[in-house]
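One structure is given here, and the rest of the page talks about it.
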Amino acid sequence: MARILIAGARKEPAEAMQKALEEDDYSVILCDDGLSAMREIARCPVDLVVSDAALAGMGTFDLVQALEDDDSTVPTIVLQTEPGGEDVSAESWVWMGEPIGPNQLRKMVAGRLATDSGRELTGRVLVVDDDSSLRTSLHVRLRLEGMEVIEAIDGLEALERLKDSCPDIVLTDVDMPRLDGFGLVKEMRTQPETRSVPVIVMTAHAKEAEEAAYGLELGASDYVRKPFEWLELTARVRTQIRVRQAHRLSVEKQRDLAIIELAGAAAHEINNPLAVGFARIELMMEAAEGDDTLKKDLVQIENLFQRIADVVQKMGKVRRYQAEHYCGGVNILDLDGAGEE
């Protein structure tokens, strides 16, 4: 039986959530603030946290951040509740701006329990902004969407982060100390390693249209206005991540095709002189009857030719790119692994 903790600022919606989830035989615990929720989780682990976005004391996003800092793998659903008095209607529960009812809540919980514990992250985002509160909010919200998040306070720190990691997308503010968002975009587009990484620029100025146009001219992939709608922001982030991943797949397919063609052509070109070499060795061995020393040398040469033939056969079976480490920090094609289906 899954154990679910509901952290609700208002009693009526929290109890309505509890009733809905207990119909599916979940064990449900109620807490009225973030600190109580943390104490309960420390006392006895839970499988899922359903939290009101407006918690007293330790807020919802502080709670999620604390769980993350504590290396917790507890999935979290954040809901908004709207005042409804004693008559708690379906519209009292809001997720991502959309009202949900008991059946939708149960489906959401069942889906999250089925997929979130041990799920793979869906993308890596580098958030660049000198506003720490905004960075934290973006970090928590993107984590709730199943994304890995890296932070930087300005463009210079972002460039350092880009050296250490390979994000799927960069989400950057415009106005920042040392190096602003435009400078970051410009610098990224001059470096081969970051040239294809999508960038979404966040702008809040009155001249946002001009700023957006300038950012796009520099090489930004998209832009959003502050204060942004969360649904719009996540949709734009996910779109750019999908484009990035599709591009990677395309590059990998082109690379695999080039390697297969190169290996096949090399095997074909080597096979011809190799076959002639084997034939010459056979003729020389026939002519060397009675000369045991020469015959022994020819056998050794034939063995070396056979080793070359074995390598050429593996080259002809290459079907994909798979590298292995070689001396001097160089990667070479793993012929055994590359030939496996």
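Within each chain, counting starts at residue 1; across the structure tokens, chains are named A, B, ... in the order shown, with ligands numbered 1 upward in that order.
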Inset, instruction - Could you pull out the residues in range 137-188 of chain A that DSSP calls strand (DSSP E or B) from the backbone, as a count of residues only? - result: 10
Inset, instruction - Select, from A:Val276, A:Val49, A:Ile169, A:Leu35, the residue with the minimum atom-to-atom distance to Gln18 in chain A, counting only C-alpha atoms. - result: A:Val49
Legend entry - Contacts of range 137-145 of chain A within 8 Å, only C-alpha atoms, excl. fewer than 6 positions in-chain, as a PyMOL selection string: chain A and resi 61+64-65+75-77+127+151+234
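Those residues that approach Ala266 in chain A to within 10 Å, counting only C-alpha atoms, are Ile260, Glu261, Leu262, Ile270, Asn271, Val312, Met315 and Gly316 of chain A; same-chain residues fewer than 4 positions away are not listed.
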Residues of the last selection are to be written out with C-alpha atoms, as a PDB file, in the first residue's frame.
ATOM      1  CA  ILE A 260      29.783   1.744 -41.449  1.00  0.00           C
ATOM      2  CA  GLU A 261      30.558   2.956 -44.970  1.00  0.00           C
ATOM      3  CA  LEU A 262      34.187   3.734 -44.106  1.00  0.00           C
ATOM      4  CA  ILE A 270      42.318  -4.412 -47.883  1.00  0.00           C
ATOM      5  CA  ASN A 271      40.800  -7.777 -48.839  1.00  0.00           C
ATOM      6  CA  VAL A 312      39.298  -7.004 -41.784  1.00  0.00           C
ATOM      7  CA  MET A 315      35.556  -4.258 -40.046  1.00  0.00           C
ATOM      8  CA  GLY A 316      33.152  -5.663 -42.606  1.00  0.00           C
TER       9      GLY A 316
END
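Taking only C-alpha atoms into account, Glu269 in chain A lies nearest to A:Ala309 out of the set A:Leu5, A:Ala287, A:Ala309, A:Leu171.
Relative to CA of Val74 in chain A, CA of Val46 in chain A is found at 7.0 Å.
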Sorted by chain and rising residue number, which residues of range 199-253 of chain A lie within 7 Å of range 176-185 of chain A, and what are their closest atom pairs and distances in Å to one decimal, counting only C-alpha atoms, as JSON lines?
{"residue": "A:Gly215", "atom": "CA", "partner": "A:Phe182", "partner_atom": "CA", "distance": 6.2}
{"residue": "A:Leu218", "atom": "CA", "partner": "A:Val185", "partner_atom": "CA", "distance": 6.6}
{"residue": "A:Gly219", "atom": "CA", "partner": "A:Val185", "partner_atom": "CA", "distance": 6.5}
{"residue": "A:Ala220", "atom": "CA", "partner": "A:Val185", "partner_atom": "CA", "distance": 6.4}
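Proximity of A:Arg161, A:Arg307, A:Arg244, A:Lys107 to Pro198 in chain A, computed with only C-alpha atoms, is greatest for A:Arg244.
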Inset, instruction - Determine, counting only C-alpha atoms, which protein, DNA and RNA residues have an atom within 12 Å of an atom of Glu160 in chain A; residues of the same chain fewer than 2 positions away are not included. Present the result as a list in words. - result: Leu126, Val128, Ile150, Glu151, Ala152, Ile153, Asp154, Gly155, Leu156, Glu157, Ala158, Leu162, Lys163, Asp164, Ser165, Cys166, Leu184, Glu187, Met188 and Thr194 of chain A
